[in-house]
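Raw work.cif, mmCIF, C-alpha atoms:
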```cif
data_final
#
loop_
_atom_site.label_atom_id
_atom_site.label_comp_id
_atom_site.auth_asym_id
_atom_site.auth_seq_id
_atom_site.Cartn_x
_atom_site.Cartn_y
_atom_site.Cartn_z
CA MET A 1 0.00 0.00 0.00
CA THR A 2 1.29 3.48 -0.86
CA LYS A 3 1.50 6.20 1.77
CA ALA A 4 1.59 9.92 0.96
CA ILE A 5 4.62 11.71 2.42
CA ARG A 6 6.05 15.22 2.39
CA GLY A 7 8.91 16.42 0.27
CA GLY A 8 7.68 16.33 -3.31
CA ILE A 9 10.50 16.01 -5.81
CA THR A 10 13.16 15.71 -3.08
CA ALA A 11 11.40 13.07 -0.96
CA PRO A 12 13.39 10.15 -2.48
CA LYS A 13 16.92 9.61 -1.14
CA GLY A 14 19.72 11.48 -2.80
CA PHE A 15 17.69 14.21 -4.52
CA LYS A 16 18.06 17.95 -3.96
CA ALA A 17 16.49 21.01 -5.58
CA SER A 18 16.71 24.79 -5.61
CA ALA A 19 15.09 27.81 -7.26
CA VAL A 20 15.85 31.49 -7.89
CA ASN A 21 14.55 34.51 -9.73
CA CYS A 22 17.07 35.17 -12.49
CA GLY A 23 15.17 38.00 -14.20
CA ILE A 24 13.13 36.27 -16.91
CA LYS A 25 10.09 37.17 -14.81
CA LYS A 26 9.81 40.45 -12.95
CA ARG A 27 9.49 39.14 -9.42
CA ARG A 28 8.61 35.43 -9.21
CA LYS A 29 11.11 32.59 -9.20
CA ASP A 30 11.79 31.45 -12.75
CA LEU A 31 14.74 29.05 -12.67
CA ALA A 32 14.82 25.65 -10.95
CA LEU A 33 17.32 22.84 -10.57
CA ILE A 34 16.84 19.17 -9.68
CA TYR A 35 19.93 17.15 -8.76
CA SER A 36 20.69 13.54 -7.87
CA ASP A 37 23.76 12.76 -5.77
CA ILE A 38 24.67 10.05 -8.27
CA PRO A 39 23.85 9.52 -11.95
CA ALA A 40 20.36 8.06 -12.34
CA ARG A 41 18.58 5.91 -14.86
CA ALA A 42 16.27 8.18 -16.81
CA THR A 43 13.53 8.15 -19.39
CA ALA A 44 11.02 10.66 -20.72
CA LEU A 45 7.97 11.18 -22.88
CA PHE A 46 7.56 14.31 -25.00
CA THR A 47 4.80 16.33 -26.65
CA THR A 48 3.52 14.97 -29.97
CA ASN A 49 3.32 18.49 -31.41
CA ARG A 50 5.26 18.61 -34.70
CA ILE A 51 6.83 21.88 -33.54
CA GLN A 52 9.39 20.91 -30.90
CA ALA A 53 11.11 23.43 -28.65
CA ALA A 54 14.91 23.52 -28.40
CA PRO A 55 15.13 22.07 -24.87
CA LEU A 56 13.21 18.97 -25.96
CA ILE A 57 15.68 18.35 -28.77
CA ILE A 58 18.61 18.61 -26.38
CA ALA A 59 16.89 16.47 -23.75
CA ARG A 60 16.30 13.73 -26.33
CA GLU A 61 19.98 13.81 -27.29
CA HIS A 62 21.11 13.56 -23.68
CA LEU A 63 18.73 10.69 -22.92
CA ARG A 64 20.13 8.39 -25.59
CA ASN A 65 22.14 6.59 -22.91
CA SER A 66 19.08 6.44 -20.56
CA ARG A 67 21.00 8.36 -17.91
CA ALA A 68 20.79 11.78 -16.27
CA GLN A 69 21.84 13.41 -13.03
CA SER A 70 20.29 16.87 -13.12
CA ILE A 71 17.50 18.88 -14.74
CA ILE A 72 17.61 22.65 -15.29
CA ILE A 73 14.23 24.30 -15.90
CA ASN A 74 13.23 27.87 -16.67
CA SER A 75 9.76 29.41 -16.84
CA GLY A 76 8.60 32.58 -18.54
CA ASN A 77 10.27 31.74 -21.86
CA ALA A 78 9.62 28.57 -23.88
CA ASN A 79 12.76 28.79 -26.05
CA ALA A 80 10.54 27.48 -28.87
CA CYS A 81 10.53 28.62 -32.51
CA THR A 82 13.89 30.26 -31.87
CA GLY A 83 15.92 28.44 -34.55
CA PRO A 84 19.64 27.63 -34.24
CA ARG A 85 20.06 30.28 -31.57
CA GLY A 86 17.51 28.47 -29.41
CA LEU A 87 19.40 25.19 -29.74
CA ASP A 88 22.65 26.93 -28.83
CA ASN A 89 21.00 28.47 -25.77
CA ALA A 90 19.55 25.14 -24.61
CA ARG A 91 22.98 23.53 -24.97
CA LEU A 92 24.53 26.45 -23.10
CA MET A 93 22.05 25.96 -20.23
CA ALA A 94 23.22 22.36 -19.94
CA LYS A 95 26.90 23.35 -20.22
CA LEU A 96 26.67 26.07 -17.58
CA THR A 97 24.85 23.77 -15.19
CA ALA A 98 27.32 20.92 -15.73
CA GLU A 99 30.25 23.24 -15.03
CA GLN A 100 28.72 24.44 -11.77
CA LEU A 101 27.87 20.90 -10.65
CA GLY A 102 31.11 19.34 -11.85
CA ILE A 103 29.35 16.63 -13.86
CA LYS A 104 29.07 15.67 -17.53
CA GLU A 105 27.10 17.97 -19.82
CA GLU A 106 25.22 15.03 -21.34
CA ASP A 107 23.94 14.16 -17.84
CA ILE A 108 21.97 17.44 -17.75
CA LEU A 109 18.42 17.64 -19.09
CA VAL A 110 16.92 20.99 -20.09
CA ALA A 111 13.29 22.12 -19.91
CA SER A 112 11.57 25.45 -20.59
CA THR A 113 8.04 26.85 -20.47
CA GLY A 114 6.53 30.23 -21.22
CA ILE A 115 6.24 32.60 -24.17
CA ILE A 116 7.00 31.11 -27.61
CA GLY A 117 9.23 32.83 -30.16
CA LYS A 118 11.50 34.94 -27.97
CA PRO A 119 15.20 34.17 -27.37
CA LEU A 120 16.23 33.29 -23.84
CA PRO A 121 18.04 36.10 -22.01
CA MET A 122 21.14 33.99 -21.42
CA ASP A 123 22.95 36.60 -19.35
CA TYR A 124 20.14 36.31 -16.79
CA VAL A 125 20.12 32.52 -17.01
CA GLU A 126 23.88 32.26 -16.50
CA LYS A 127 23.74 34.40 -13.35
CA GLY A 128 20.82 32.32 -12.10
CA VAL A 129 22.62 29.01 -12.61
CA ARG A 130 25.53 30.25 -10.51
CA LYS A 131 23.10 30.93 -7.66
CA LEU A 132 21.18 27.66 -8.01
CA VAL A 133 23.95 25.19 -7.31
CA PRO A 134 25.08 26.53 -3.89
CA SER A 135 21.46 26.58 -2.67
CA LEU A 136 20.63 22.95 -3.54
CA SER A 137 18.99 21.21 -0.58
CA ARG A 138 16.58 18.45 0.43
CA GLN A 139 14.17 21.23 1.42
CA GLY A 140 14.22 22.91 -1.99
CA GLY A 141 11.49 20.89 -3.67
CA ARG A 142 8.60 23.23 -2.97
CA GLU A 143 10.47 26.31 -4.24
CA ALA A 144 11.47 24.43 -7.39
CA ALA A 145 7.81 23.55 -7.97
CA GLN A 146 6.93 27.23 -7.59
CA ALA A 147 9.61 28.31 -10.06
CA ILE A 148 8.21 26.29 -12.97
CA MET A 149 4.72 27.82 -12.73
CA THR A 150 3.37 30.11 -15.47
CA THR A 151 -0.41 30.69 -15.38
CA ASP A 152 -0.71 28.11 -12.57
CA THR A 153 -2.34 29.41 -9.41
CA SER A 154 -1.19 26.56 -7.16
CA VAL A 155 1.96 24.53 -6.56
CA LYS A 156 1.70 20.95 -7.79
CA ASP A 157 3.85 18.38 -6.00
CA MET A 158 3.42 14.96 -4.45
CA ALA A 159 5.39 12.09 -2.92
CA VAL A 160 4.64 8.58 -1.69
CA LYS A 161 6.50 5.68 -0.16
CA ILE A 162 5.99 1.93 -0.36
CA GLN A 163 7.57 -1.07 1.31
CA LEU A 164 9.29 -3.50 -1.04
CA ARG A 165 10.34 -6.48 1.04
CA ASP A 166 12.85 -5.01 3.55
CA LYS A 167 13.36 -1.70 1.74
CA LYS A 168 11.39 1.54 1.59
CA ILE A 169 10.94 3.03 -1.89
CA ARG A 170 9.98 6.65 -2.46
CA VAL A 171 8.52 8.34 -5.53
CA GLY A 172 8.25 12.12 -5.75
CA GLY A 173 7.10 14.57 -8.37
CA MET A 174 6.31 18.13 -9.32
CA ALA A 175 4.41 19.55 -12.27
CA LYS A 176 3.13 22.68 -13.95
CA GLY A 177 0.17 23.11 -16.24
CA ALA A 178 -3.09 25.03 -16.22
CA GLY A 179 -3.83 25.79 -19.87
CA MET A 180 -3.04 24.42 -23.32
CA ILE A 181 -3.67 21.01 -21.80
CA SER A 182 -4.71 18.25 -24.17
CA PRO A 183 -3.87 14.54 -24.26
CA HIS A 184 -0.43 13.55 -25.52
CA LEU A 185 1.45 15.91 -23.24
CA ALA A 186 0.24 19.41 -23.79
CA THR A 187 1.69 22.45 -22.05
CA MET A 188 2.84 20.58 -19.04
CA LEU A 189 6.15 19.91 -17.44
CA VAL A 190 6.33 16.94 -15.09
CA PHE A 191 9.42 15.83 -13.21
CA LEU A 192 9.47 12.59 -11.25
CA THR A 193 12.13 11.09 -9.01
CA THR A 194 12.55 7.78 -7.24
CA ASP A 195 15.27 6.13 -5.16
CA ALA A 196 14.18 2.72 -6.47
CA LEU A 197 16.70 0.50 -8.20
CA ILE A 198 14.86 -0.35 -11.42
CA SER A 199 15.96 -1.50 -14.86
CA LYS A 200 15.76 1.01 -17.69
CA GLU A 201 13.25 -1.23 -19.50
CA ALA A 202 11.00 -1.39 -16.44
CA LEU A 203 11.32 2.36 -15.85
CA ARG A 204 10.32 3.10 -19.44
CA LYS A 205 7.36 0.71 -19.28
CA ALA A 206 6.14 2.06 -15.94
CA LEU A 207 6.29 5.68 -17.13
CA LYS A 208 4.37 5.00 -20.33
CA VAL A 209 1.64 3.07 -18.49
CA SER A 210 1.36 5.77 -15.85
CA VAL A 211 1.22 8.66 -18.33
CA ASP A 212 -1.49 6.95 -20.38
CA LYS A 213 -3.66 6.69 -17.26
CA SER A 214 -3.00 10.22 -16.03
CA PHE A 215 -1.54 13.01 -18.18
CA ASN A 216 -2.93 11.51 -21.39
CA SER A 217 -6.38 11.30 -19.80
CA ILE A 218 -6.87 14.97 -18.98
CA THR A 219 -7.85 18.00 -21.03
CA ILE A 220 -8.49 21.66 -20.28
CA ASP A 221 -8.86 23.31 -23.67
CA GLY A 222 -7.81 20.78 -26.32
CA ALA A 223 -4.73 22.84 -27.22
CA MET A 224 -1.31 21.22 -27.56
CA SER A 225 2.00 22.95 -26.88
CA THR A 226 5.61 22.68 -28.06
CA ASN A 227 7.65 22.16 -24.91
CA ASP A 228 6.11 19.50 -22.85
CA MET A 229 7.69 16.53 -21.23
CA VAL A 230 7.40 14.02 -18.45
CA VAL A 231 10.79 12.93 -17.09
CA ILE A 232 11.66 10.38 -14.42
CA LEU A 233 15.02 9.83 -12.69
CA ALA A 234 15.73 6.66 -10.67
CA ASN A 235 18.99 6.71 -8.69
CA GLY A 236 18.73 3.32 -6.93
CA LEU A 237 19.75 4.65 -3.51
CA ALA A 238 17.00 2.66 -1.78
CA LYS A 239 19.26 -0.34 -2.49
CA ASN A 240 16.37 -2.69 -3.18
CA ASP A 241 16.65 -5.73 -5.43
CA GLU A 242 16.49 -4.43 -8.98
CA ILE A 243 12.90 -4.12 -10.22
CA ARG A 244 12.30 -5.83 -13.55
CA ASP A 245 9.43 -5.15 -15.96
CA SER A 246 7.07 -7.75 -14.51
CA GLY A 247 6.26 -9.37 -11.18
CA GLU A 248 5.01 -8.18 -7.81
CA ASP A 249 7.76 -5.60 -7.21
CA PHE A 250 7.05 -3.98 -10.56
CA SER A 251 3.32 -3.91 -9.82
CA ARG A 252 3.95 -2.22 -6.48
CA PHE A 253 6.25 0.35 -8.07
CA GLN A 254 3.67 0.98 -10.80
CA GLU A 255 1.02 1.56 -8.14
CA ALA A 256 3.20 4.15 -6.39
CA LEU A 257 4.08 5.95 -9.62
CA ASP A 258 0.45 5.94 -10.74
CA ARG A 259 -0.66 7.54 -7.50
CA VAL A 260 1.79 10.40 -7.96
CA THR A 261 1.06 11.01 -11.64
CA LEU A 262 -2.72 10.84 -11.29
CA TYR A 263 -2.63 13.23 -8.34
CA LEU A 264 -0.55 15.72 -10.32
CA ALA A 265 -2.76 15.32 -13.39
CA LYS A 266 -5.90 16.02 -11.39
CA MET A 267 -4.24 19.07 -9.82
CA MET A 268 -3.69 20.45 -13.32
CA VAL A 269 -7.35 20.04 -14.18
CA ALA A 270 -8.46 21.58 -10.89
CA ASP A 271 -6.16 24.54 -11.64
CA GLY A 272 -7.41 24.93 -15.22
CA GLU A 273 -7.32 28.52 -16.42
CA GLY A 274 -10.59 30.15 -15.35
CA ALA A 275 -12.02 26.83 -14.18
CA THR A 276 -14.82 26.72 -11.60
CA LYS A 277 -15.65 22.99 -11.79
CA PHE A 278 -13.67 19.74 -11.87
CA ILE A 279 -15.34 17.27 -14.22
CA GLU A 280 -14.98 13.51 -14.55
CA VAL A 281 -16.22 11.92 -17.79
CA LYS A 282 -16.60 8.15 -17.63
CA VAL A 283 -17.61 6.08 -20.64
CA LYS A 284 -18.45 2.45 -19.96
CA ASN A 285 -19.62 -0.59 -21.89
CA ALA A 286 -18.07 0.62 -25.13
CA LYS A 287 -16.92 -1.88 -27.75
CA ASN A 288 -13.40 -1.81 -26.26
CA PHE A 289 -11.06 0.35 -24.16
CA LEU A 290 -9.76 2.43 -27.08
CA GLU A 291 -13.27 3.32 -28.22
CA ALA A 292 -14.26 4.17 -24.65
CA LYS A 293 -11.25 6.47 -24.32
CA ARG A 294 -11.96 8.13 -27.67
CA ALA A 295 -15.57 8.76 -26.65
CA ALA A 296 -14.63 10.13 -23.22
CA SER A 297 -12.00 12.38 -24.83
CA SER A 298 -14.53 13.77 -27.33
CA ILE A 299 -16.96 14.70 -24.57
CA ALA A 300 -14.27 16.14 -22.30
CA ASN A 301 -12.86 18.27 -25.14
CA SER A 302 -16.21 19.68 -26.24
CA ASN A 303 -16.36 23.42 -25.63
CA LEU A 304 -20.14 23.24 -25.85
CA VAL A 305 -20.28 20.64 -23.08
CA LYS A 306 -17.78 22.59 -20.97
CA THR A 307 -19.64 25.90 -21.31
CA ALA A 308 -22.95 24.20 -20.50
CA LEU A 309 -21.42 22.82 -17.32
CA TYR A 310 -20.12 26.28 -16.43
CA GLY A 311 -23.63 27.66 -16.94
CA GLU A 312 -25.12 24.75 -14.94
CA ASP A 313 -27.29 23.80 -17.90
CA PRO A 314 -28.12 20.03 -18.18
CA ASN A 315 -27.99 20.22 -21.98
CA TRP A 316 -27.48 16.51 -22.61
CA GLY A 317 -27.83 17.06 -26.35
CA ARG A 318 -24.33 18.52 -26.34
CA ILE A 319 -23.00 15.34 -24.73
CA MET A 320 -24.75 13.24 -27.38
CA ALA A 321 -23.36 15.44 -30.16
CA ALA A 322 -19.80 15.13 -28.81
CA LEU A 323 -20.27 11.39 -28.52
CA GLY A 324 -21.49 11.19 -32.10
CA GLN A 325 -18.40 12.90 -33.47
CA ALA A 326 -16.00 10.62 -31.60
CA GLY A 327 -15.92 8.12 -34.44
CA VAL A 328 -16.76 5.13 -32.25
CA GLU A 329 -19.33 2.42 -32.67
CA LEU A 330 -22.58 3.31 -30.95
CA ASN A 331 -26.33 2.83 -31.10
CA GLU A 332 -28.21 6.00 -30.20
CA GLY A 333 -31.11 3.95 -28.86
CA LYS A 334 -28.85 2.26 -26.29
CA VAL A 335 -27.10 5.31 -24.83
CA ASP A 336 -27.69 6.16 -21.16
CA ILE A 337 -26.33 9.34 -19.53
CA ARG A 338 -26.06 10.22 -15.85
CA LEU A 339 -25.15 13.47 -14.13
CA GLY A 340 -23.87 12.35 -10.77
CA ARG A 341 -26.30 9.59 -9.78
CA GLN A 342 -29.19 11.14 -11.68
CA LEU A 343 -30.19 9.32 -14.88
CA ILE A 344 -31.14 11.98 -17.43
CA VAL A 345 -31.03 9.99 -20.69
CA LYS A 346 -32.27 6.42 -21.10
CA GLY A 347 -31.98 4.64 -24.43
CA GLY A 348 -31.05 7.86 -26.23
CA LYS A 349 -34.12 9.77 -24.97
CA GLU A 350 -34.59 12.19 -22.12
CA LYS A 351 -35.80 10.49 -18.98
CA LYS A 352 -37.98 12.50 -16.65
CA PHE A 353 -35.68 13.61 -13.86
CA ASP A 354 -35.80 15.68 -10.71
CA SER A 355 -34.70 19.12 -11.95
CA ALA A 356 -33.96 20.33 -8.40
CA LYS A 357 -31.57 17.43 -7.85
CA VAL A 358 -29.88 17.99 -11.20
CA LYS A 359 -29.49 21.70 -10.50
CA LYS A 360 -27.88 20.87 -7.15
CA ILE A 361 -25.50 18.41 -8.84
CA MET A 362 -24.44 21.00 -11.41
CA ALA A 363 -23.81 23.62 -8.74
CA GLU A 364 -21.20 21.39 -7.09
CA PRO A 365 -17.47 22.07 -7.66
CA GLU A 366 -17.04 18.47 -8.86
CA ILE A 367 -19.34 16.89 -11.45
CA LYS A 368 -19.35 13.33 -12.76
CA ILE A 369 -20.76 12.47 -16.18
CA THR A 370 -21.29 8.78 -16.90
CA VAL A 371 -22.12 7.61 -20.41
CA ASP A 372 -23.14 3.97 -20.87
CA LEU A 373 -22.99 2.78 -24.49
CA ASN A 374 -24.37 -0.69 -23.63
CA LEU A 375 -22.33 -2.33 -26.39
CA GLY A 376 -19.39 -4.12 -24.81
CA LYS A 377 -17.01 -4.02 -21.85
CA GLY A 378 -14.67 -1.13 -22.71
CA GLU A 379 -14.33 1.55 -20.03
CA ALA A 380 -12.28 4.74 -19.76
CA THR A 381 -12.22 7.97 -17.78
CA PHE A 382 -11.15 11.50 -18.70
CA TRP A 383 -10.82 14.49 -16.42
CA THR A 384 -11.48 18.06 -17.50
CA CYS A 385 -12.88 21.38 -16.27
CA ASP A 386 -15.53 23.84 -17.34
CA LEU A 387 -14.86 26.78 -19.65
CA SER A 388 -15.56 30.24 -18.31
CA GLU A 389 -15.17 33.87 -19.36
CA ASP A 390 -12.00 33.96 -17.28
CA TYR A 391 -10.31 31.51 -19.65
CA VAL A 392 -10.63 34.09 -22.43
CA ARG A 393 -9.42 36.89 -20.16
CA ILE A 394 -6.36 34.94 -19.01
CA ASN A 395 -5.39 33.90 -22.53
CA SER A 396 -5.90 37.34 -24.04
CA ARG A 397 -2.65 38.33 -22.36
CA TYR A 398 0.31 36.43 -20.91
CA PRO A 399 1.50 37.11 -17.37
CA THR A 400 5.17 37.78 -16.71
#
```
The structure in this file should be written as structure tokens.
Amino acid sequence: MTKAIRGGITAPKGFKASAVNCGIKKRRKDLALIYSDIPARATALFTTNRIQAAPLIIAREHLRNSRAQSIIINSGNANACTGPRGLDNARLMAKLTAEQLGIKEEDILVASTGIIGKPLPMDYVEKGVRKLVPSLSRQGGREAAQAIMTTDTSVKDMAVKIQLRDKKIRVGGMAKGAGMISPHLATMLVFLTTDALISKEALRKALKVSVDKSFNSITIDGAMSTNDMVVILANGLAKNDEIRDSGEDFSRFQEALDRVTLYLAKMMVADGEGATKFIEVKVKNAKNFLEAKRAASSIANSNLVKTALYGEDPNWGRIMAALGQAGVELNEGKVDIRLGRQLIVKGGKEKKFDSAKVKKIMAEPEIKITVDLNLGKGEATFWTCDLSEDYVRINSRYPT
């Protein structure tokens, strides 16, 4: 059984973090560093956007040997669509950090988030890196999580521990993301650490499974960004027997990782730009899992559904329309829809329901939509938020 603990990204043994304001933003911290006392096994998943920011390109290069020891992250500037200069700057971030830490440049991963199309102010970044390294500490996780925020209104971090035989294993994480969130890693940065000793094959498998169930099952606005990644470092300092990609130990590790990633994913949805409601969309009894997920995604991404939920309008026709455009097998005459526990559509037709109860359900900060296709056994869940006027206001300008 997993147990939540304090510490976030630095909860696992051997990890430290720090954060500073280097001047990219006016006042808030904008540069963060994560460091492992020893080189760690590492793997990552990246945005599927065809436009890839410079730090992602460098991170891919440095992960070819499945190893990393440190991650340098800036916010306020995405270093995307910046051409050869952007690549040079991302490499320079890694070089400067490696020099300060006294480790190999290829053991540094680079991440950025913020405004697209503007060169990084490298004079600010260089000064910031020099301040980051001396301030690394086991207590620096929360400040690092603050430093990667852009339009986020809350810090997103989490850690758990599990018992594997005679050893305690810890998994920690921090994330940012509140807008431009769509499945396949939208504008999110997620950094995960563990002191587990785990093979690179098992680490890669566990991350992919966990991301599919968490970050690839949330949406805020259906928009996809250029910079986004989920990275995990495993330094093995728990000194457990090496976890392979199957068996009980792997299942326990997967459970711990899933708890961290799903918690962080749900925090992103709850912090959605302008959001007033957290919404769960569950599709069950679809032909198969993939069709269930496609249907849930279509409903969760529908702006018409999301605005209806914001307006507390039980307009189930919008749910049906989103379902119909999902491209999955369905029979309109078999579709049932519930808001909370209240059945509002039976066999594709409106069922007489208690309007007072429905109104109360829709006024809650958390709403569950359940769609039963009555065709098979496929089931999937997506998490999203409503869409308010504040979303437009926030995205009509970019905070610095």
Fill in: Among listed residues A:Gly76, A:Gly348, A:Gly8, A:Gly172, nearest Arg27 (chain A) (using all atoms listed in the file)
A:Gly76
Fill in: Nearest to Ala300 (chain A) by atom-to-atom distance, counting all atoms listed in the file, from A:Ile369, A:Pro84, A:Ala202, A:Gly327
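Of A:Ile369, A:Pro84, A:Ala202, A:Gly327, the one nearest Ala300 (chain A), counting all atoms listed in the file, is A:Ile369.
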Worksheet item: Written as a list in words, what is the full residue list that the PyMOL selection byres ((chain A and resi 373) around 10) yields on the file shown?
Response: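 On this input, the PyMOL selection byres ((chain A and resi 373) around 10) captures Val283, Lys284, Asn285, Ala286, Lys287, Ala292, Ala295, Leu323, Glu329, Leu330, Asn331, Glu332, Gly333, Lys334, Val335, Asp336, Ile337, Gly347, Gly348, Thr370, Val371, Asp372, Asn374, Leu375, Gly376, Lys377, Gly378 and Glu379 of chain A.
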Store the residues picked out above in a file with C-alpha atoms, as an mmCIF file, keeping the file's coordinate frame.
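And here's result.cif as it stands now:
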```cif
data_model
loop_
_atom_site.group_PDB
_atom_site.id
_atom_site.type_symbol
_atom_site.label_atom_id
_atom_site.label_comp_id
_atom_site.auth_asym_id
_atom_site.auth_seq_id
_atom_site.Cartn_x
_atom_site.Cartn_y
_atom_site.Cartn_z
ATOM 1 C CA VAL A 283 -17.610 6.080 -20.640
ATOM 2 C CA LYS A 284 -18.450 2.450 -19.960
ATOM 3 C CA ASN A 285 -19.620 -0.590 -21.890
ATOM 4 C CA ALA A 286 -18.070 0.620 -25.130
ATOM 5 C CA LYS A 287 -16.920 -1.880 -27.750
ATOM 6 C CA ALA A 292 -14.260 4.170 -24.650
ATOM 7 C CA ALA A 295 -15.570 8.760 -26.650
ATOM 8 C CA LEU A 323 -20.270 11.390 -28.520
ATOM 9 C CA GLU A 329 -19.330 2.420 -32.670
ATOM 10 C CA LEU A 330 -22.580 3.310 -30.950
ATOM 11 C CA ASN A 331 -26.330 2.830 -31.100
ATOM 12 C CA GLU A 332 -28.210 6.000 -30.200
ATOM 13 C CA GLY A 333 -31.110 3.950 -28.860
ATOM 14 C CA LYS A 334 -28.850 2.260 -26.290
ATOM 15 C CA VAL A 335 -27.100 5.310 -24.830
ATOM 16 C CA ASP A 336 -27.690 6.160 -21.160
ATOM 17 C CA ILE A 337 -26.330 9.340 -19.530
ATOM 18 C CA GLY A 347 -31.980 4.640 -24.430
ATOM 19 C CA GLY A 348 -31.050 7.860 -26.230
ATOM 20 C CA THR A 370 -21.290 8.780 -16.900
ATOM 21 C CA VAL A 371 -22.120 7.610 -20.410
ATOM 22 C CA ASP A 372 -23.140 3.970 -20.870
ATOM 23 C CA ASN A 374 -24.370 -0.690 -23.630
ATOM 24 C CA LEU A 375 -22.330 -2.330 -26.390
ATOM 25 C CA GLY A 376 -19.390 -4.120 -24.810
ATOM 26 C CA LYS A 377 -17.010 -4.020 -21.850
ATOM 27 C CA GLY A 378 -14.670 -1.130 -22.710
ATOM 28 C CA GLU A 379 -14.330 1.550 -20.030
#
```
Worksheet entry | Å distance separating CA of Val328 (chain A) from CA of Ile279 (chain A), one decimal place |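 CA of Ile279 (chain A) lies at a distance of 21.8 Å from CA of Val328 (chain A).
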Item to complete: Please measure the separation of CA of Phe250 (chain A) and CA of Glu291 (chain A), giving the value in Å to one decimal.
Response: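 Distance between the two atoms: 27.9 Å.
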Worksheet item: If we count all atoms listed in the file, what is near Glu126 (chain A) at a cut-off of 7 Å, once residues fewer than 4 positions away on the same chain are taken out, given as a ChimeraX atom specification?
Response: /A:96,122,130
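Under the PyMOL selection byres ((chain A and resi 380-388) around 6), the matching residues in the shown file are Ser217, Ile218, Thr219, Ile220, Val269, Gly274, Ala275, Lys277, Phe278, Ile279, Glu280, Val281, Lys282, Val283, Ala292, Lys293, Ala296, Ala300, Lys306, Thr307, Leu309, Tyr310, Glu379, Glu389, Asp390 and Tyr391 of chain A.
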Worksheet item: For the atom pair CA of Leu33 (chain A) and CA of Ser18 (chain A), what is the interatomic distance in Å to one decimal place?
Response: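 If I compute the distance from CA of Leu33 (chain A) to CA of Ser18 (chain A), I get 5.4 Å.
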Explicit residues for the PyMOL selection byres ((chain A and resi 79) around 10) (as a PDB file with C-alpha atoms, keeping the file's coordinate frame):
```pdb
ATOM      1  CA  GLN A  52       9.390  20.910 -30.900  1.00  0.00           C
ATOM      2  CA  ALA A  53      11.110  23.430 -28.650  1.00  0.00           C
ATOM      3  CA  ALA A  54      14.910  23.520 -28.400  1.00  0.00           C
ATOM      4  CA  PRO A  55      15.130  22.070 -24.870  1.00  0.00           C
ATOM      5  CA  LEU A  56      13.210  18.970 -25.960  1.00  0.00           C
ATOM      6  CA  ASN A  74      13.230  27.870 -16.670  1.00  0.00           C
ATOM      7  CA  SER A  75       9.760  29.410 -16.840  1.00  0.00           C
ATOM      8  CA  GLY A  76       8.600  32.580 -18.540  1.00  0.00           C
ATOM      9  CA  ASN A  77      10.270  31.740 -21.860  1.00  0.00           C
ATOM     10  CA  ALA A  78       9.620  28.570 -23.880  1.00  0.00           C
ATOM     11  CA  ALA A  80      10.540  27.480 -28.870  1.00  0.00           C
ATOM     12  CA  CYS A  81      10.530  28.620 -32.510  1.00  0.00           C
ATOM     13  CA  THR A  82      13.890  30.260 -31.870  1.00  0.00           C
ATOM     14  CA  GLY A  83      15.920  28.440 -34.550  1.00  0.00           C
ATOM     15  CA  ARG A  85      20.060  30.280 -31.570  1.00  0.00           C
ATOM     16  CA  GLY A  86      17.510  28.470 -29.410  1.00  0.00           C
ATOM     17  CA  LEU A  87      19.400  25.190 -29.740  1.00  0.00           C
ATOM     18  CA  ASN A  89      21.000  28.470 -25.770  1.00  0.00           C
ATOM     19  CA  ALA A  90      19.550  25.140 -24.610  1.00  0.00           C
ATOM     20  CA  ALA A 111      13.290  22.120 -19.910  1.00  0.00           C
ATOM     21  CA  SER A 112      11.570  25.450 -20.590  1.00  0.00           C
ATOM     22  CA  THR A 113       8.040  26.850 -20.470  1.00  0.00           C
ATOM     23  CA  GLY A 114       6.530  30.230 -21.220  1.00  0.00           C
ATOM     24  CA  ILE A 115       6.240  32.600 -24.170  1.00  0.00           C
ATOM     25  CA  ILE A 116       7.000  31.110 -27.610  1.00  0.00           C
ATOM     26  CA  GLY A 117       9.230  32.830 -30.160  1.00  0.00           C
ATOM     27  CA  LYS A 118      11.500  34.940 -27.970  1.00  0.00           C
ATOM     28  CA  PRO A 119      15.200  34.170 -27.370  1.00  0.00           C
ATOM     29  CA  LEU A 120      16.230  33.290 -23.840  1.00  0.00           C
ATOM     30  CA  PRO A 121      18.040  36.100 -22.010  1.00  0.00           C
ATOM     31  CA  THR A 226       5.610  22.680 -28.060  1.00  0.00           C
ATOM     32  CA  ASN A 227       7.650  22.160 -24.910  1.00  0.00           C
TER      33      ASN A 227
END
```
Practice prompt. Would you mind listing what lies within 7 Å of region 259-265 of chain A as a PyMOL selection string, with all atoms listed in the file counted and same-chain residues fewer than 5 positions away left out?
Written response: chain A and resi 156-159+173+175+210+214-215+218
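Minimum atom-to-atom distances from A:Ile361, A:Ile162, A:Ser135, A:Trp316 to Lys346 (chain A) were compared using only C-alpha atoms, and the lowest value belongs to A:Trp316.
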Worksheet item: With distances taken over all atoms listed in the file, which of A:Arg67, A:Lys208, A:Arg252, A:Arg294 is nearest to Gln325 (chain A)?
Response: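 Ranked by minimum distance to Gln325 (chain A), first place goes to A:Arg294.
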Discussion item. Just want the 12 Å neighbourhood of Lys205 (chain A), counted on only C-alpha atoms, with same-chain residues fewer than 3 positions away dropped. Output as a PyMOL selection string.
Written reply: chain A and resi 42-45+198-202+208-212+232+243-246+250-251+253-254+257
Worksheet item: Restricting the calculation to only C-alpha atoms, which member of A:Ala206, A:Ile72, A:Leu192, A:Leu31 is positioned closest to Met149 (chain A)?
Response: A:Leu31
Discussion item. Taking only C-alpha atoms into account, name the residue in A:Thr10, A:Asn301, A:Thr194, A:Thr48 that is nearest to Arg142 (chain A).
Written reply: A:Thr10
